[in-house]
Amino acid sequence: MAAQSTTAAPPAKARLGTLRALWPFIRRHMGLFSAWLLALGLASAATLSLPPAFKQMIDHGFSDGSNVNRAFLFLFAVAVVLALASAARFYFVSLLGEKVVADLRQQLYGHLIGLDAEFHDRSRSGELVSRLTTDSELLRSVVATSMSVALRSTVTVIGSLAMLFVTSPRLAAFALIGIPLAVLPIVLGSRRLGKASRASQDRVADANALANETLGAVRTVQAHAREPYERGRFGEAIAIAVETARKRIRAQAWVTAAAITLIFGAITLVLWSGAHDVISGKMSAGTLGQFVLYALIGGGSVGALAEVWNELQRAAGGMGRIAELLQETPRITAPGDGQQHALAQPVRGEIRFEDVVFHYPSRPEMPALDGFNLHVVPGETVALVGPSGAGKSTVLAMLLRFHDAQSGRIRFDGVDLRQLDPAQLREQVGLVPQHPTIFAASAADNIRYGRLQATDAQVRQAAADAEALDFIDELPEGFDSQLGERGARLSGGQQQRIAIARALLKDAPVLLLDEATSALDAQSERAVQHALQRLMQGRTTLVIAHRLATILQADRIVVMDRGRIVAQGTHEQLLAEGGLYAELAKLQFLD
Ligand code: ADP
């Protein structure tokens, strides 16, 4: 059991070490950081000056008139310095926290959005969002509060300990036994806490991911009348999160109780001994007062450290997960200097698959492409047909270099894709997916996604060519109308035409097209067909075809099954041949 828990939760020290990854982000704001340290030093000095001021007040403040004013004035002056320094400390460190977390979020988001398809296949987007929000939030509180409290308390503990010895070495020795006694259970308790807090945050991320997924597919949920089921599932996820949190909270409560009991136990012991010294005249009342104040300040700081220790552990868990994500390296990268090839201008749009074998990493036993060979000449339109799971979408994904082949190669204008910068390659390829992505932005911005610098007139022209002008103009605010998340306010055919307009605007020499399978109404169908014809003109086109019209227009039809090409030719040739194509045609296009 003990051995098991050490492998599951690394020791507290190593975990806190992960917070070191925050330092580069803090270092960028050196001005704020130094200002904070200065304010912190001043506030600590003021705190530590309070007990002597207090002693002055007790020993001399009540005896003669002239000293009374001076003693109280000094006490008040120290308090004012403390107030101002504390305010400055709070201001600088809070601002630092905000800035550090803003930088961290920006870096994490920038990193995540650049990671490859394989990474995003295996991560849930809700969980990634949770890293960006919950974990970053935790780190904000660490920098803004915990780190500040930790440093301040450490300074105060050391300072008050030193002053305790100056005030009364004998009593200080007593205190010195008490403080380590208080720290020990805190350290022990915190180890358990580290593990519990990571588990607790993981469970919250699970619940968030679930909500994200189902709210994103709310129509599917409602269409199946699965609201009660989803409520139940979410409820279970939340209940598990609460239960895990309960364990963490309980551990934290115990640590706090133990710390306070031990600290005040020690103080009471010291006070009792000190009271005897005052009665026997070995010590003035003011000195005892000063001692007690230092003990209170020191003890309070130890308590604060205990709580902050827990916070720091929680944050270390968050930072650990963020660091994990930041360490993910994209597998699809631009080749190093010297190995990179640029495409010759003008780009011709010639595509060649040579003996490509590819398995998805999650399914190593089953190749999605198995010795795939295809040569598409510039300007040619090739229709890919085949049963579901044949590998058609994989062909398109490989061409965008979302994945690299395990063997064989893919050439674009004669250059191996792996020798090209993926960004440069993707600039040359337009994509109209089966389910186009419509962003929660205006119609104009959605089309402009194809070429960000396009003018309004160009956006309008693209919409016109995509036969999207009529319905966009009919929207309440025309091109400025918000399309709603995932284009909820558009029909399937309209969404496709937006995607076609986007591709027209991009004007890339190669076009990848995944035709929608769902039937559109006749009018929408005709509009989409016209738009597609315009789009395909003069481009090399690979189309996953579901419609007879597209197939008849293609220069060549490639029939795929189980990651291989099983036949190719024209519609008539393939029909005459019989086999898989004739079967598919009968089922899909000819009924
Ligand atoms: P098609 O487009 O012809 O329906 P796909 O190219 O989508 O076929 O799929 C080819 C094979 O690869 C299928 O067996 C499918 O289950 C598998 N596959 C597709 N995408 C993934 C993925 N992201 N991870 C694992 N396997 C996948």
# chains A, B, ... in the order shown; residues from 1 in each chain; ligands from 1
$ closest_atom_pairs --of "chain A" --to "ligand 1" --cutoff "7 Å" --atoms "only C-alpha atoms and all ligand atoms" --output "CSV"
residue,atom,partner,partner_atom_place_in_ligand_line,distance
A:Asp121,CA,ligand 1,23 (N),5.8
A:Tyr360,CA,ligand 1,25 (C),4.8
A:Pro361,CA,ligand 1,25 (C),6.9
A:Ser362,CA,ligand 1,25 (C),5.4
A:Arg363,CA,ligand 1,25 (C),5.7
A:Ala368,CA,ligand 1,11 (C),4.3
A:Gly386,CA,ligand 1,3 (O),6.3
A:Pro387,CA,ligand 1,3 (O),6.2
A:Ser388,CA,ligand 1,4 (O),3.6
A:Gly389,CA,ligand 1,8 (O),3.4
A:Ala390,CA,ligand 1,3 (O),3.7
A:Gly391,CA,ligand 1,6 (O),3.1
A:Lys392,CA,ligand 1,3 (O),3.7
A:Ser393,CA,ligand 1,2 (O),3.6
A:Thr394,CA,ligand 1,6 (O),3.7
A:Val395,CA,ligand 1,6 (O),6.6
A:Gly563,CA,ligand 1,10 (C),6.9
$ write_last_selection --atoms "N, CA and C atoms" --output "PDB file, in the first residue's frame"
ATOM      1  N   ASP A 121      -7.057  14.111 -31.539  1.00  0.00           N
ATOM      2  CA  ASP A 121      -7.916  12.921 -31.566  1.00  0.00           C
ATOM      3  C   ASP A 121      -8.004  12.295 -30.186  1.00  0.00           C
ATOM      4  N   TYR A 360      -3.818   4.642 -38.162  1.00  0.00           N
ATOM      5  CA  TYR A 360      -4.016   5.618 -37.094  1.00  0.00           C
ATOM      6  C   TYR A 360      -3.334   5.061 -35.848  1.00  0.00           C
ATOM      7  N   PRO A 361      -2.654   5.940 -35.082  1.00  0.00           N
ATOM      8  CA  PRO A 361      -1.905   5.458 -33.917  1.00  0.00           C
ATOM      9  C   PRO A 361      -2.793   4.680 -32.943  1.00  0.00           C
ATOM     10  N   SER A 362      -4.069   5.038 -32.881  1.00  0.00           N
ATOM     11  CA  SER A 362      -4.941   4.346 -31.935  1.00  0.00           C
ATOM     12  C   SER A 362      -5.372   2.971 -32.465  1.00  0.00           C
ATOM     13  N   ARG A 363      -5.105   2.680 -33.721  1.00  0.00           N
ATOM     14  CA  ARG A 363      -5.487   1.377 -34.281  1.00  0.00           C
ATOM     15  C   ARG A 363      -4.342   0.795 -35.076  1.00  0.00           C
ATOM     16  N   ALA A 368      -5.351   2.069 -42.337  1.00  0.00           N
ATOM     17  CA  ALA A 368      -6.420   2.842 -42.973  1.00  0.00           C
ATOM     18  C   ALA A 368      -6.109   3.018 -44.456  1.00  0.00           C
ATOM     19  N   GLY A 386     -16.469   4.501 -52.470  1.00  0.00           N
ATOM     20  CA  GLY A 386     -16.167   3.275 -51.741  1.00  0.00           C
ATOM     21  C   GLY A 386     -17.036   3.195 -50.509  1.00  0.00           C
ATOM     22  N   PRO A 387     -17.123   2.020 -49.933  1.00  0.00           N
ATOM     23  CA  PRO A 387     -17.957   1.889 -48.742  1.00  0.00           C
ATOM     24  C   PRO A 387     -17.383   2.699 -47.590  1.00  0.00           C
ATOM     25  N   SER A 388     -18.194   2.941 -46.597  1.00  0.00           N
ATOM     26  CA  SER A 388     -17.758   3.684 -45.429  1.00  0.00           C
ATOM     27  C   SER A 388     -16.607   2.939 -44.747  1.00  0.00           C
ATOM     28  N   GLY A 389     -15.581   3.693 -44.350  1.00  0.00           N
ATOM     29  CA  GLY A 389     -14.417   3.066 -43.720  1.00  0.00           C
ATOM     30  C   GLY A 389     -13.370   2.616 -44.720  1.00  0.00           C
ATOM     31  N   ALA A 390     -13.587   2.920 -46.022  1.00  0.00           N
ATOM     32  CA  ALA A 390     -12.646   2.476 -47.047  1.00  0.00           C
ATOM     33  C   ALA A 390     -11.333   3.254 -46.985  1.00  0.00           C
ATOM     34  N   GLY A 391     -11.367   4.457 -46.385  1.00  0.00           N
ATOM     35  CA  GLY A 391     -10.135   5.252 -46.285  1.00  0.00           C
ATOM     36  C   GLY A 391     -10.180   6.537 -47.091  1.00  0.00           C
ATOM     37  N   LYS A 392     -11.364   6.903 -47.573  1.00  0.00           N
ATOM     38  CA  LYS A 392     -11.474   8.099 -48.418  1.00  0.00           C
ATOM     39  C   LYS A 392     -11.100   9.368 -47.639  1.00  0.00           C
ATOM     40  N   SER A 393     -11.666   9.523 -46.444  1.00  0.00           N
ATOM     41  CA  SER A 393     -11.349  10.727 -45.655  1.00  0.00           C
ATOM     42  C   SER A 393      -9.881  10.737 -45.263  1.00  0.00           C
ATOM     43  N   THR A 394      -9.347   9.553 -45.049  1.00  0.00           N
ATOM     44  CA  THR A 394      -7.934   9.474 -44.677  1.00  0.00           C
ATOM     45  C   THR A 394      -7.064  10.012 -45.809  1.00  0.00           C
ATOM     46  N   VAL A 395      -7.433   9.720 -47.057  1.00  0.00           N
ATOM     47  CA  VAL A 395      -6.662  10.237 -48.193  1.00  0.00           C
ATOM     48  C   VAL A 395      -6.608  11.760 -48.132  1.00  0.00           C
ATOM     49  N   GLY A 563      -8.686   0.583 -47.672  1.00  0.00           N
ATOM     50  CA  GLY A 563      -7.429   1.287 -47.808  1.00  0.00           C
ATOM     51  C   GLY A 563      -6.687   1.066 -49.110  1.00  0.00           C
TER      52      GLY A 563
END
$ residues_around --residues "segment 126-131 of chain A" --least-positions-apart "4" --cutoff "7 Å" --atoms "only C-alpha atoms" --output "MDAnalysis selection string"
chainID A and resid 135:136 205:206 208:209 212 322
$ write_last_selection --atoms "all heavy atoms" --output "PDB file, in the first residue's frame"
ATOM      1  N   ASP A 135      -7.214  25.449 -14.289  1.00  0.00           N
ATOM      2  CA  ASP A 135      -5.834  25.357 -13.828  1.00  0.00           C
ATOM      3  C   ASP A 135      -5.138  26.711 -13.867  1.00  0.00           C
ATOM      4  O   ASP A 135      -4.377  27.051 -12.972  1.00  0.00           O
ATOM      5  CB  ASP A 135      -5.054  24.331 -14.660  1.00  0.00           C
ATOM      6  CG  ASP A 135      -5.447  22.912 -14.290  1.00  0.00           C
ATOM      7  OD1 ASP A 135      -6.004  22.728 -13.193  1.00  0.00           O
ATOM      8  OD2 ASP A 135      -5.205  21.993 -15.082  1.00  0.00           O
ATOM      9  N   SER A 136      -5.422  27.476 -14.909  1.00  0.00           N
ATOM     10  CA  SER A 136      -4.793  28.793 -14.986  1.00  0.00           C
ATOM     11  C   SER A 136      -5.289  29.669 -13.853  1.00  0.00           C
ATOM     12  O   SER A 136      -4.540  30.447 -13.274  1.00  0.00           O
ATOM     13  CB  SER A 136      -5.108  29.484 -16.311  1.00  0.00           C
ATOM     14  OG  SER A 136      -4.917  28.618 -17.375  1.00  0.00           O
ATOM     15  N   ALA A 205     -12.469  18.317 -14.226  1.00  0.00           N
ATOM     16  CA  ALA A 205     -12.226  18.377 -15.673  1.00  0.00           C
ATOM     17  C   ALA A 205     -13.103  17.360 -16.401  1.00  0.00           C
ATOM     18  O   ALA A 205     -13.631  17.643 -17.475  1.00  0.00           O
ATOM     19  CB  ALA A 205     -10.747  18.120 -15.966  1.00  0.00           C
ATOM     20  N   ASP A 206     -13.289  16.180 -15.804  1.00  0.00           N
ATOM     21  CA  ASP A 206     -14.159  15.171 -16.414  1.00  0.00           C
ATOM     22  C   ASP A 206     -15.572  15.706 -16.589  1.00  0.00           C
ATOM     23  O   ASP A 206     -16.181  15.574 -17.657  1.00  0.00           O
ATOM     24  CB  ASP A 206     -14.238  13.912 -15.521  1.00  0.00           C
ATOM     25  CG  ASP A 206     -12.963  13.090 -15.625  1.00  0.00           C
ATOM     26  OD1 ASP A 206     -12.163  13.376 -16.539  1.00  0.00           O
ATOM     27  OD2 ASP A 206     -12.786  12.188 -14.795  1.00  0.00           O
ATOM     28  N   ASN A 208     -16.543  18.805 -16.635  1.00  0.00           N
ATOM     29  CA  ASN A 208     -16.551  19.891 -17.618  1.00  0.00           C
ATOM     30  C   ASN A 208     -16.553  19.346 -19.031  1.00  0.00           C
ATOM     31  O   ASN A 208     -17.258  19.842 -19.910  1.00  0.00           O
ATOM     32  CB  ASN A 208     -15.317  20.771 -17.439  1.00  0.00           C
ATOM     33  CG  ASN A 208     -15.457  21.693 -16.257  1.00  0.00           C
ATOM     34  OD1 ASN A 208     -16.540  21.812 -15.696  1.00  0.00           O
ATOM     35  ND2 ASN A 208     -14.376  22.317 -15.857  1.00  0.00           N
ATOM     36  N   ALA A 209     -15.733  18.338 -19.265  1.00  0.00           N
ATOM     37  CA  ALA A 209     -15.630  17.770 -20.612  1.00  0.00           C
ATOM     38  C   ALA A 209     -16.973  17.184 -21.045  1.00  0.00           C
ATOM     39  O   ALA A 209     -17.400  17.345 -22.187  1.00  0.00           O
ATOM     40  CB  ALA A 209     -14.550  16.697 -20.648  1.00  0.00           C
ATOM     41  N   ASN A 212     -19.298  20.026 -21.871  1.00  0.00           N
ATOM     42  CA  ASN A 212     -18.876  20.630 -23.121  1.00  0.00           C
ATOM     43  C   ASN A 212     -19.352  19.793 -24.308  1.00  0.00           C
ATOM     44  O   ASN A 212     -19.895  20.303 -25.287  1.00  0.00           O
ATOM     45  CB  ASN A 212     -17.351  20.704 -23.111  1.00  0.00           C
ATOM     46  CG  ASN A 212     -16.829  21.681 -24.122  1.00  0.00           C
ATOM     47  OD1 ASN A 212     -17.387  21.800 -25.210  1.00  0.00           O
ATOM     48  ND2 ASN A 212     -15.781  22.386 -23.776  1.00  0.00           N
ATOM     49  N   ILE A 322      -0.424  21.632 -16.871  1.00  0.00           N
ATOM     50  CA  ILE A 322      -0.162  22.598 -17.935  1.00  0.00           C
ATOM     51  C   ILE A 322       1.208  22.329 -18.550  1.00  0.00           C
ATOM     52  O   ILE A 322       1.374  22.339 -19.776  1.00  0.00           O
ATOM     53  CB  ILE A 322      -0.260  24.038 -17.382  1.00  0.00           C
ATOM     54  CG1 ILE A 322      -1.723  24.350 -17.076  1.00  0.00           C
ATOM     55  CG2 ILE A 322       0.313  25.038 -18.360  1.00  0.00           C
ATOM     56  CD1 ILE A 322      -1.972  25.722 -16.508  1.00  0.00           C
TER      57      ILE A 322
END
$ closest_residue --among "A:Glu227, A:Glu324, A:Asp116, A:Asp561" --to "Leu580 of chain A" --atoms "only C-alpha atoms"
A:Asp561
$ residues_around --residues "segment 88-105 of chain A" --least-positions-apart "6" --cutoff "8 Å" --atoms "only C-alpha atoms" --output "MDAnalysis selection string"
chainID A and resid 25:26 29 32:33 35:37 39:40 43 132 136:137 139:145 148
$ write_last_selection --atoms "N, CA, C and O atoms" --output "mmCIF file, in the first residue's frame"
data_model
loop_
_atom_site.group_PDB
_atom_site.id
_atom_site.type_symbol
_atom_site.label_atom_id
_atom_site.label_comp_id
_atom_site.auth_asym_id
_atom_site.auth_seq_id
_atom_site.Cartn_x
_atom_site.Cartn_y
_atom_site.Cartn_z
ATOM 1 N N PHE A 25 7.750 33.029 -16.656
ATOM 2 C CA PHE A 25 6.627 33.949 -16.877
ATOM 3 C C PHE A 25 6.711 35.139 -15.931
ATOM 4 O O PHE A 25 6.346 36.250 -16.282
ATOM 5 N N ILE A 26 7.200 34.886 -14.701
ATOM 6 C CA ILE A 26 7.333 35.978 -13.723
ATOM 7 C C ILE A 26 8.462 36.904 -14.147
ATOM 8 O O ILE A 26 8.363 38.125 -14.041
ATOM 9 N N HIS A 29 8.110 40.106 -16.055
ATOM 10 C CA HIS A 29 7.574 41.310 -15.420
ATOM 11 C C HIS A 29 8.444 41.672 -14.228
ATOM 12 O O HIS A 29 7.991 41.752 -13.108
ATOM 13 N N LEU A 32 7.464 44.730 -11.876
ATOM 14 C CA LEU A 32 6.414 44.436 -10.907
ATOM 15 C C LEU A 32 6.944 43.551 -9.796
ATOM 16 O O LEU A 32 6.650 43.744 -8.615
ATOM 17 N N PHE A 33 7.747 42.575 -10.208
ATOM 18 C CA PHE A 33 8.275 41.612 -9.251
ATOM 19 C C PHE A 33 9.150 42.318 -8.216
ATOM 20 O O PHE A 33 9.000 42.113 -7.009
ATOM 21 N N ALA A 35 9.134 45.542 -7.441
ATOM 22 C CA ALA A 35 8.311 46.457 -6.650
ATOM 23 C C ALA A 35 7.598 45.678 -5.543
ATOM 24 O O ALA A 35 7.493 46.139 -4.404
ATOM 25 N N TRP A 36 7.151 44.479 -5.922
ATOM 26 C CA TRP A 36 6.465 43.654 -4.923
ATOM 27 C C TRP A 36 7.417 43.287 -3.786
ATOM 28 O O TRP A 36 7.091 43.417 -2.608
ATOM 29 N N LEU A 37 8.641 42.849 -4.150
ATOM 30 C CA LEU A 37 9.613 42.452 -3.118
ATOM 31 C C LEU A 37 9.922 43.613 -2.179
ATOM 32 O O LEU A 37 10.011 43.436 -0.965
ATOM 33 N N ALA A 39 7.975 46.237 -1.470
ATOM 34 C CA ALA A 39 6.820 46.485 -0.599
ATOM 35 C C ALA A 39 6.730 45.409 0.468
ATOM 36 O O ALA A 39 6.399 45.689 1.632
ATOM 37 N N LEU A 40 7.045 44.192 0.056
ATOM 38 C CA LEU A 40 6.980 43.079 1.000
ATOM 39 C C LEU A 40 7.996 43.260 2.127
ATOM 40 O O LEU A 40 7.685 43.078 3.308
ATOM 41 N N ALA A 43 6.759 46.046 4.454
ATOM 42 C CA ALA A 43 5.629 45.624 5.283
ATOM 43 C C ALA A 43 6.104 44.678 6.380
ATOM 44 O O ALA A 43 5.646 44.759 7.533
ATOM 45 N N LEU A 132 -7.094 25.454 -19.580
ATOM 46 C CA LEU A 132 -6.946 26.884 -19.874
ATOM 47 C C LEU A 132 -7.660 27.737 -18.843
ATOM 48 O O LEU A 132 -7.285 28.870 -18.609
ATOM 49 N N SER A 136 -5.422 27.476 -14.909
ATOM 50 C CA SER A 136 -4.793 28.793 -14.986
ATOM 51 C C SER A 136 -5.289 29.669 -13.853
ATOM 52 O O SER A 136 -4.540 30.447 -13.274
ATOM 53 N N GLU A 137 -6.568 29.530 -13.535
ATOM 54 C CA GLU A 137 -7.159 30.314 -12.461
ATOM 55 C C GLU A 137 -6.458 29.991 -11.139
ATOM 56 O O GLU A 137 -6.142 30.865 -10.338
ATOM 57 N N LEU A 139 -3.465 28.993 -10.793
ATOM 58 C CA LEU A 139 -2.123 29.576 -10.795
ATOM 59 C C LEU A 139 -2.183 31.074 -10.552
ATOM 60 O O LEU A 139 -1.301 31.643 -9.931
ATOM 61 N N ARG A 140 -3.265 31.689 -11.016
ATOM 62 C CA ARG A 140 -3.415 33.118 -10.763
ATOM 63 C C ARG A 140 -3.470 33.346 -9.254
ATOM 64 O O ARG A 140 -2.809 34.221 -8.707
ATOM 65 N N SER A 141 -4.253 32.499 -8.565
ATOM 66 C CA SER A 141 -4.366 32.687 -7.134
ATOM 67 C C SER A 141 -3.047 32.363 -6.444
ATOM 68 O O SER A 141 -2.713 32.937 -5.427
ATOM 69 N N VAL A 142 -2.273 31.471 -7.051
ATOM 70 C CA VAL A 142 -0.980 31.165 -6.443
ATOM 71 C C VAL A 142 -0.044 32.361 -6.501
ATOM 72 O O VAL A 142 0.534 32.774 -5.508
ATOM 73 N N VAL A 143 0.063 32.918 -7.711
ATOM 74 C CA VAL A 143 0.986 34.034 -7.838
ATOM 75 C C VAL A 143 0.465 35.218 -7.042
ATOM 76 O O VAL A 143 1.203 35.865 -6.303
ATOM 77 N N ALA A 144 -0.840 35.491 -7.154
ATOM 78 C CA ALA A 144 -1.390 36.699 -6.543
ATOM 79 C C ALA A 144 -1.499 36.566 -5.031
ATOM 80 O O ALA A 144 -1.408 37.557 -4.334
ATOM 81 N N THR A 145 -1.723 35.365 -4.510
ATOM 82 C CA THR A 145 -1.960 35.234 -3.078
ATOM 83 C C THR A 145 -0.950 34.307 -2.417
ATOM 84 O O THR A 145 -0.151 34.741 -1.576
ATOM 85 N N SER A 148 2.700 35.167 -2.416
ATOM 86 C CA SER A 148 2.902 36.347 -1.597
ATOM 87 C C SER A 148 2.857 35.986 -0.115
ATOM 88 O O SER A 148 3.739 36.350 0.656
#
$ select_by_dssp --residues "segment 183-414 of chain A" --states "alpha helix (DSSP H)" --output "PyMOL selection string"
chain A and resi 183-216+218-223+227-279+285-327+392-399
$ atom_distance --atom1 "atom CA of Thr134 of chain A" --atom2 "atom CA of Gln252 of chain A"
19.9 Å
$ closest_residue --among "A:Glu230, A:Asp421, A:Asp555, A:Glu583" --to "Ile332 of chain A" --atoms "only C-alpha atoms"
A:Asp421
$ closest_residue --among "A:Ile240, A:Ala83, A:Leu271, A:Val218" --to "Val204 of chain A" --atoms "only C-alpha atoms"
A:Ile240
$ closest_residue --among "A:Asn373, A:Asn310, A:Thr154, A:Gln290" --to "Arg352 of chain A" --atoms "only C-alpha atoms"
A:Asn373
$ residues_around --residues "Arg426 of chain A" --least-positions-apart "6" --cutoff "9 Å" --atoms "only C-alpha atoms" --output "PyMOL selection string"
chain A and resi 399-401+508
$ closest_residue --among "A:Arg539, A:Gln434, A:Ala545, A:Ala199" --to "Ala516 of chain A" --atoms "only C-alpha atoms"
A:Gln434
$ decode --residues "segment 105-128 of chain A" --atoms "C-alpha atoms" --output "compact mmCIF listing (two decimals), in the first residue's frame"
# COMPACT_ATOMS: atom_id res chain seq x y z
CA ARG A 105 -2.91 31.18 -21.08
CA GLN A 106 -1.76 32.79 -24.29
CA GLN A 107 1.21 30.45 -24.54
CA LEU A 108 -0.86 27.38 -23.74
CA TYR A 109 -3.59 28.25 -26.23
CA GLY A 110 -1.02 29.08 -28.90
CA HIS A 111 0.64 25.75 -28.25
CA LEU A 112 -2.55 23.67 -28.22
CA ILE A 113 -3.91 25.09 -31.43
CA GLY A 114 -0.67 24.13 -33.19
CA LEU A 115 -0.61 20.52 -32.00
CA ASP A 116 -1.26 17.81 -34.56
CA ALA A 117 -4.43 15.89 -35.40
CA GLU A 118 -3.27 12.82 -33.51
CA PHE A 119 -3.00 14.79 -30.25
CA HIS A 120 -6.43 16.33 -30.72
CA ASP A 121 -7.92 12.92 -31.57
CA ARG A 122 -6.87 11.59 -28.20
CA SER A 123 -7.67 14.66 -26.07
CA ARG A 124 -11.09 15.91 -25.20
CA SER A 125 -11.47 19.57 -26.05
CA GLY A 126 -13.43 20.18 -22.84
CA GLU A 127 -10.50 18.95 -20.83
CA LEU A 128 -8.15 21.26 -22.70
